[in-house]
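Structure file run16.txt (compact mmCIF, C-alpha atoms) follows.
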# COMPACT_ATOMS: atom_id res chain seq x y z
CA MET H 26 35.27 29.82 64.01
CA ILE H 27 37.04 32.58 65.94
CA GLU H 28 35.64 31.17 69.18
CA SER H 29 37.11 27.78 68.28
CA ILE H 30 40.57 29.29 67.76
CA PHE H 31 40.48 31.19 71.05
CA HIS H 32 39.19 28.15 72.94
CA SER H 33 42.03 26.06 71.53
CA LEU H 34 44.61 28.73 72.43
CA LYS H 35 43.24 29.13 75.96
CA LYS H 36 43.51 25.40 76.53
CA SER H 37 47.02 25.26 75.03
CA VAL H 38 48.28 28.14 77.19
CA GLN H 39 46.97 26.42 80.30
CA LEU H 40 48.57 23.09 79.33
CA ALA H 41 51.70 24.46 77.63
CA ARG H 42 54.53 21.95 77.47
CA PRO H 43 57.79 21.45 75.60
CA GLY H 44 57.62 19.64 72.30
CA ARG H 45 54.36 21.22 71.19
CA THR H 46 53.47 24.65 69.85
CA LEU H 47 50.59 26.59 71.37
CA GLY H 48 48.62 26.13 68.17
CA ASN H 49 48.86 25.66 64.41
CA PHE H 50 45.96 27.13 62.42
CA LEU H 51 45.44 27.11 58.65
CA LEU H 52 43.19 29.95 57.42
CA VAL H 53 41.78 29.48 53.91
CA GLY H 54 39.86 32.08 51.94
CA PRO H 55 39.93 34.62 49.11
CA THR H 56 42.03 37.74 49.44
CA GLY H 57 40.86 40.51 51.73
CA THR H 58 38.73 38.44 54.11
CA GLY H 59 40.80 39.11 57.24
CA LYS H 60 43.07 36.07 57.46
CA THR H 61 46.26 38.01 58.18
CA PHE H 62 44.36 40.60 60.21
CA LEU H 63 42.95 37.88 62.49
CA SER H 64 46.48 36.59 63.04
CA GLN H 65 47.65 40.09 63.94
CA LEU H 66 44.80 40.52 66.43
CA VAL H 67 45.68 37.24 68.13
CA GLY H 68 49.32 38.32 68.29
CA SER H 69 48.56 41.70 69.84
CA GLY H 70 46.24 40.10 72.39
CA LEU H 71 48.35 37.08 73.29
CA PHE H 72 51.83 38.63 73.18
CA PRO H 73 51.41 42.43 73.30
CA ASN H 74 55.13 42.98 73.80
CA SER H 75 56.24 40.68 70.97
CA GLU H 76 56.44 41.70 67.34
CA LEU H 77 54.55 39.52 64.89
CA VAL H 78 56.73 37.39 62.60
CA LEU H 79 55.16 37.74 59.14
CA LEU H 80 56.72 35.65 56.37
CA THR H 81 55.40 36.14 52.82
CA MET H 82 55.74 32.67 51.36
CA ASN H 83 55.66 33.70 47.70
CA GLN H 84 59.25 34.82 48.32
CA TYR H 85 60.27 31.21 49.04
CA LYS H 86 59.86 29.47 45.69
CA GLN H 87 63.27 27.80 45.43
CA PRO H 88 64.56 24.78 47.41
CA ALA H 89 67.52 26.81 48.70
CA ASP H 90 65.09 29.27 50.30
CA VAL H 91 64.86 26.85 53.22
CA TYR H 92 68.12 28.42 54.40
CA THR H 93 66.44 31.82 54.50
CA LEU H 94 64.03 30.42 57.09
CA ILE H 95 66.45 28.49 59.29
CA GLY H 96 69.69 30.30 58.44
CA PRO H 97 72.43 29.45 55.94
CA PRO H 98 75.30 27.25 57.17
CA PRO H 99 78.44 28.99 58.51
CA GLY H 100 80.51 30.49 55.73
CA MET H 101 77.57 31.12 53.40
CA PRO H 102 76.40 34.71 52.77
CA GLY H 103 74.04 35.92 55.47
CA TYR H 104 74.84 33.29 58.07
CA GLU H 105 75.68 36.02 60.60
CA VAL H 106 72.03 37.17 60.79
CA GLY H 107 70.53 33.68 61.04
CA GLY H 108 67.14 32.59 59.77
CA ARG H 109 64.11 34.82 59.28
CA LEU H 110 62.04 32.27 61.19
CA THR H 111 64.55 30.98 63.72
CA ARG H 112 66.39 34.14 64.78
CA PRO H 113 63.32 36.12 66.01
CA VAL H 114 62.28 33.12 68.14
CA LEU H 115 65.79 32.78 69.56
CA GLU H 116 65.58 36.44 70.56
CA ASN H 117 62.05 36.12 71.98
CA PRO H 118 60.44 32.66 72.26
CA TYR H 119 56.87 34.00 72.58
CA ARG H 120 55.70 34.83 69.10
CA VAL H 121 52.79 34.62 66.69
CA ILE H 122 54.19 33.49 63.34
CA VAL H 123 52.25 34.04 60.11
CA LEU H 124 53.09 32.09 56.97
CA ASP H 125 51.25 34.17 54.38
CA GLU H 126 50.07 32.44 51.16
CA LEU H 127 51.58 29.13 52.18
CA GLU H 128 50.56 27.39 48.96
CA LYS H 129 53.06 29.53 46.99
CA ALA H 130 56.15 28.25 48.83
CA HIS H 131 58.35 25.49 47.45
CA PRO H 132 57.42 22.01 48.78
CA ASP H 133 60.84 21.74 50.44
CA LEU H 134 59.77 24.50 52.81
CA HIS H 135 56.72 22.45 53.73
CA ASP H 136 59.06 19.59 54.63
CA CYS H 137 61.12 21.94 56.80
CA LEU H 138 58.00 23.28 58.53
CA TYR H 139 56.68 19.75 59.03
CA ASP H 140 59.29 19.01 61.70
CA ILE H 141 58.87 22.40 63.36
CA LEU H 142 55.10 22.00 63.64
CA ASP H 143 55.50 18.40 64.79
CA THR H 144 58.18 18.80 67.48
CA ALA H 145 58.11 22.57 68.16
CA SER H 146 61.85 22.72 67.63
CA CYS H 147 64.60 22.86 65.04
CA ARG H 148 68.28 23.65 64.95
CA GLU H 149 69.31 26.90 63.31
CA LYS H 150 71.87 26.12 60.63
CA SER H 151 73.80 29.35 61.09
CA SER H 152 74.46 29.15 64.83
CA GLY H 153 73.81 25.49 65.60
CA ARG H 154 71.49 26.57 68.42
CA LEU H 155 68.31 24.65 69.18
CA VAL H 156 65.23 26.82 68.61
CA ASP H 157 62.24 26.14 70.87
CA PHE H 158 58.85 26.99 69.32
CA SER H 159 56.74 25.74 72.24
CA GLY H 160 55.81 29.34 73.11
CA CYS H 161 54.70 30.13 69.55
CA VAL H 162 51.42 30.15 67.64
CA PHE H 163 51.54 29.43 63.92
CA PHE H 164 49.02 30.81 61.45
CA ALA H 165 49.18 30.02 57.75
CA THR H 166 47.00 31.69 55.14
CA CYS H 167 46.00 30.05 51.88
CA ASN H 168 44.05 31.31 48.85
CA ALA H 169 43.85 27.91 47.14
CA GLY H 170 41.02 25.41 47.52
CA VAL H 171 38.36 27.99 48.45
CA ASP H 172 35.68 26.58 46.13
CA LYS H 173 36.25 23.06 47.44
CA LEU H 174 35.93 24.20 51.05
CA ARG H 175 32.77 26.19 50.24
CA GLU H 176 31.16 23.05 48.86
CA LEU H 177 32.33 21.07 51.86
CA ALA H 178 31.04 23.67 54.34
CA ALA H 179 27.59 23.50 52.71
CA ASP H 180 27.67 19.72 52.99
CA VAL H 181 29.11 19.33 56.51
CA GLY H 182 27.50 22.35 58.15
CA ASN H 183 29.58 22.44 61.34
CA VAL H 184 32.99 23.71 60.24
CA THR H 185 34.55 23.07 63.66
CA SER H 186 33.66 19.36 63.81
CA SER H 187 36.08 16.46 63.46
CA ALA H 188 34.32 15.49 60.22
CA TRP H 189 35.10 18.92 58.80
CA LEU H 190 38.76 18.77 59.82
CA GLY H 191 39.44 15.46 58.12
CA ARG H 192 37.53 16.23 54.95
CA SER H 193 38.92 19.77 54.67
CA ARG H 194 42.43 18.34 54.80
CA ASP H 195 41.51 15.92 51.99
CA ALA H 196 40.08 18.80 49.95
CA LEU H 197 43.22 20.90 50.35
CA ALA H 198 45.47 17.97 49.51
CA GLU H 199 43.62 17.74 46.19
CA ALA H 200 43.08 21.43 45.43
CA ALA H 201 46.26 23.02 46.83
CA LYS H 202 48.56 19.99 46.40
CA PHE H 203 49.62 19.98 50.04
CA ASP H 204 51.08 16.77 51.38
CA ARG H 205 48.56 14.97 53.63
CA ALA H 206 51.15 14.39 56.36
CA PHE H 207 51.91 18.11 56.32
CA LEU H 208 48.23 19.00 56.61
CA SER H 209 47.85 16.68 59.59
CA ARG H 210 50.20 18.93 61.56
CA TRP H 211 47.64 21.78 61.53
CA ASP H 212 45.27 21.74 64.48
CA GLY H 213 42.47 23.39 62.54
CA VAL H 214 41.50 24.35 59.01
CA TYR H 215 39.21 27.39 58.85
CA LEU H 216 37.36 28.94 55.93
CA LEU H 217 37.26 32.76 55.96
CA ASP H 218 34.95 33.59 53.10
CA GLN H 219 33.72 36.88 51.65
CA LEU H 220 31.86 39.02 54.19
CA PRO H 221 28.11 39.68 53.91
CA PRO H 222 27.08 43.33 53.31
CA ILE H 223 26.17 44.01 56.96
CA HIS H 224 29.68 43.04 58.07
CA VAL H 225 31.21 45.07 55.25
CA ALA H 226 29.26 48.06 56.58
CA GLU H 227 30.66 47.45 60.07
CA VAL H 228 34.20 47.29 58.70
CA ALA H 229 33.59 50.49 56.71
CA CYS H 230 32.49 52.29 59.88
CA LEU H 231 35.53 51.10 61.79
CA GLN H 232 37.95 52.05 59.02
CA LEU H 233 36.32 55.45 58.59
CA CYS H 234 36.61 56.25 62.29
CA ARG H 235 40.18 54.95 62.46
CA TYR H 236 41.21 56.98 59.42
CA TRP H 237 40.03 60.24 61.01
CA ARG H 238 41.34 59.27 64.45
CA GLU H 239 44.83 59.07 62.94
CA TYR H 240 44.55 62.85 62.50
CA GLY H 241 43.32 63.39 66.06
CA ILE H 242 39.66 63.79 65.08
CA GLU H 243 36.74 61.70 66.37
CA VAL H 244 33.76 60.94 64.10
CA GLY H 245 30.54 61.51 66.03
CA TYR H 246 28.17 60.63 63.19
CA ALA H 247 28.58 59.19 59.70
CA ASP H 248 25.84 59.49 57.10
CA PRO H 249 24.36 56.03 56.32
CA GLU H 250 24.58 56.93 52.62
CA LEU H 251 28.35 57.07 52.97
CA ILE H 252 28.41 53.57 54.44
CA LEU H 253 26.01 52.23 51.80
CA ASP H 254 28.25 53.71 49.11
CA ALA H 255 31.22 51.90 50.68
CA VAL H 256 29.30 48.61 50.71
CA GLN H 257 28.35 49.07 47.05
CA ARG H 258 31.96 49.83 46.13
CA ASN H 259 33.04 46.67 47.93
CA GLN H 260 30.51 44.65 45.91
CA ASP H 261 31.91 46.13 42.72
CA PHE H 262 35.41 44.99 43.70
CA ALA H 263 34.49 41.91 45.75
CA GLU H 264 37.46 39.91 44.51
CA TYR H 265 39.81 42.32 46.28
CA GLY H 266 38.16 41.91 49.69
CA VAL H 267 37.54 44.58 52.31
CA ARG H 268 41.00 46.10 51.87
CA GLN H 269 39.35 47.95 48.95
CA LEU H 270 37.38 49.92 51.54
CA GLY H 271 40.45 51.71 52.85
CA ARG H 272 41.22 53.09 49.40
CA PHE H 273 37.59 54.12 48.92
CA ILE H 274 37.49 56.00 52.22
CA ARG H 275 40.67 57.92 51.39
CA GLU H 276 39.28 58.84 47.97
CA LYS H 277 35.92 59.88 49.39
CA ASP H 278 37.51 62.04 52.06
CA GLY H 279 38.98 64.40 49.48
CA GLY H 280 41.12 66.24 52.02
CA GLY H 281 38.27 66.93 54.43
CA HIS H 282 40.36 65.83 57.40
CA SER H 283 43.07 68.41 56.64
CA GLY H 284 40.52 71.25 56.59
CA ALA H 285 39.02 70.08 59.88
CA LYS H 286 42.44 69.85 61.44
CA ARG H 287 43.36 73.38 60.32
CA ASN H 288 40.19 74.63 62.00
CA GLY H 289 41.19 72.93 65.24
CA SER H 290 38.26 70.51 65.18
CA THR H 291 38.51 67.45 67.40
CA LYS H 292 35.11 65.97 66.58
CA VAL H 293 33.11 66.01 63.33
CA ASN H 294 29.97 64.67 61.68
CA LEU H 295 30.26 63.32 58.16
CA ARG H 296 27.42 63.71 55.70
CA VAL H 297 26.95 63.21 51.96
CA GLY H 298 25.40 66.02 49.94
CA GLY H 299 25.42 68.06 46.76
CA PRO H 300 24.79 66.88 43.20
CA GLY H 301 28.03 64.90 43.14
CA GLY H 302 27.48 63.19 46.49
CA ASP H 303 30.49 64.96 47.98
CA LEU H 304 31.56 64.42 51.55
CA GLN H 305 30.51 67.28 53.83
CA VAL H 306 32.28 67.80 57.14
CA GLU H 307 30.25 69.35 59.95
CA VAL H 308 31.62 70.50 63.29
CA PRO H 309 28.97 69.79 65.98
CA ARG H 310 28.08 72.73 68.20
Will you turn the file into C-alpha cells for me?
Amino acid sequence: MIESIFHSLKKSVQLARPGRTLGNFLLVGPTGTGKTFLSQLVGSGLFPNSELVLLTMNQYKQPADVYTLIGPPPGMPGYEVGGRLTRPVLENPYRVIVLDELEKAHPDLHDCLYDILDTASCREKSSGRLVDFSGCVFFATCNAGVDKLRELAADVGNVTSSAWLGRSRDALAEAAKFDRAFLSRWDGVYLLDQLPPIHVAEVACLQLCRYWREYGIEVGYADPELILDAVQRNQDFAEYGVRQLGRFIREKDGGGHSGAKRNGSTKVNLRVGGPGGDLQVEVPR
C-alpha cells in the first residue's frame, strides 16, 4: 500500500503539469492506525521546508464553512486572512494537505473540494487570486466504511488493483454517503487497518526510544517484558489505536528519565523488575 502511494507520487513528480495535483489519496481505517502520521511522513520527505496543512474536517459541519476554506468574500469578517486552505498554498505552492475525518464535513465542502481535486485550482474568495494546487498532494482520512472495506479486501485480495479501486469507491458511497463523482477524484483508496502485535511491538520500541531521546538520553536496551506489556495494553484498548502506546510509555516511565538526567546519564538500559513490575533504569558501564 505504502509502496503504491510512493510509486504514484514519484511518477507524478516526474510528470508534473498544471491542471493536476501531484496526488489525491483517501486513507480509510479505524482511529490510531497511522493515517495522519503517514501523511505527515510524506510531507516531511517530499517538502521538508513546507509546513503541513492539516484541516480537521469535523470543524466544517455548516454550509457556510466553505468560506473558511477558500476565504470569505470582501467585507465579511476574516476576509483579510483569506482561506485556511487557499492562503497557505498562495504563500507556498508546494504543500501536503491533510483533510482529517473527511466524512464529518458538510457535503457542500465536498462540492468545493471536487473542483479543486479535479482542476488543481480555485479562486480565493477573499482576494480574488487564482490558487494553483498543481504542486500539492492531498490526503484525506476517513473512519467510516471500515467494515465494508475489510470484507472487500478479503474478497478482492489485491488492494492496489483497479478492481479494488472501483469497488472500494462503491463501498464508501454506500457506507460513508460520499458522492460517487467526488470519490472518482481520488487516485487511490487505501485501507489502514489495526496493526498486528509484531508491528505494535515495533511501534512501542520506536516510541520508547523517541520519548527518552527527547530528554537527551539514548536507550541501549529495553526489556522484552516491557514491550510485551505495551502490546498487551494496546490489545486492551485496541479501539484507540497505537496512540494509546504513548500514554502507556509515559505512565510506565514514572519519572525515570528525570532521575537519569540528573545523574548526567546519556545512555541507559531499561528493565522490568520487582513485585510490581516497575521500570528499572540501568546506566551501562
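Between Gly44 in chain H and the residues H:Leu127, H:Ala285, H:Leu142, H:Val308, the shortest atom-to-atom distance, using all atoms listed in the file, involves H:Leu142.
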Using all atoms listed in the file, which protein or nucleic acid residues come within 9 Å of Arg120 in chain H? Drop anything in the same chain fewer than 3 positions from it, and give the result as a compact mmCIF listing (two decimals) with C-alpha atoms, in the frame of the given file.
# COMPACT_ATOMS: atom_id res chain seq x y z
CA GLY H 68 49.32 38.32 68.29
CA LEU H 71 48.35 37.08 73.29
CA PHE H 72 51.83 38.63 73.18
CA SER H 75 56.24 40.68 70.97
CA GLU H 76 56.44 41.70 67.34
CA LEU H 77 54.55 39.52 64.89
CA VAL H 78 56.73 37.39 62.60
CA PRO H 113 63.32 36.12 66.01
CA VAL H 114 62.28 33.12 68.14
CA ASN H 117 62.05 36.12 71.98
CA PHE H 158 58.85 26.99 69.32
CA GLY H 160 55.81 29.34 73.11
CA CYS H 161 54.70 30.13 69.55
CA VAL H 162 51.42 30.15 67.64
CA PHE H 163 51.54 29.43 63.92
- request: Point out the residue among H:Leu138, H:Asp125, H:Gly108, H:Pro132 with the least atom-to-atom distance to Gly153 in chain H, counting only C-alpha atoms.
  value: H:Gly108
task: Could you check which of H:Asp133, H:Asp195, H:Glu126, H:Asp212 is closest to Ser29 in chain H, using all atoms listed in the file?
output: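 Between H:Asp133, H:Asp195, H:Glu126, H:Asp212, the residue approaching Ser29 in chain H most closely is H:Asp212.
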query: From the set H:Val123, H:Leu40, H:Ala229, H:Ala206, which residue has the shortest atom-to-atom contact distance to Asp143 in chain H, counting all atoms listed in the file?
result: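 Of all the options, H:Ala206 lies closest to Asp143 in chain H.
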field: Non-local contacts of Arg205 in chain H (8 Å; only C-alpha atoms; under 4 positions in same chain excluded) as number ranges by chain
entry: H: 194-195, 198, 209
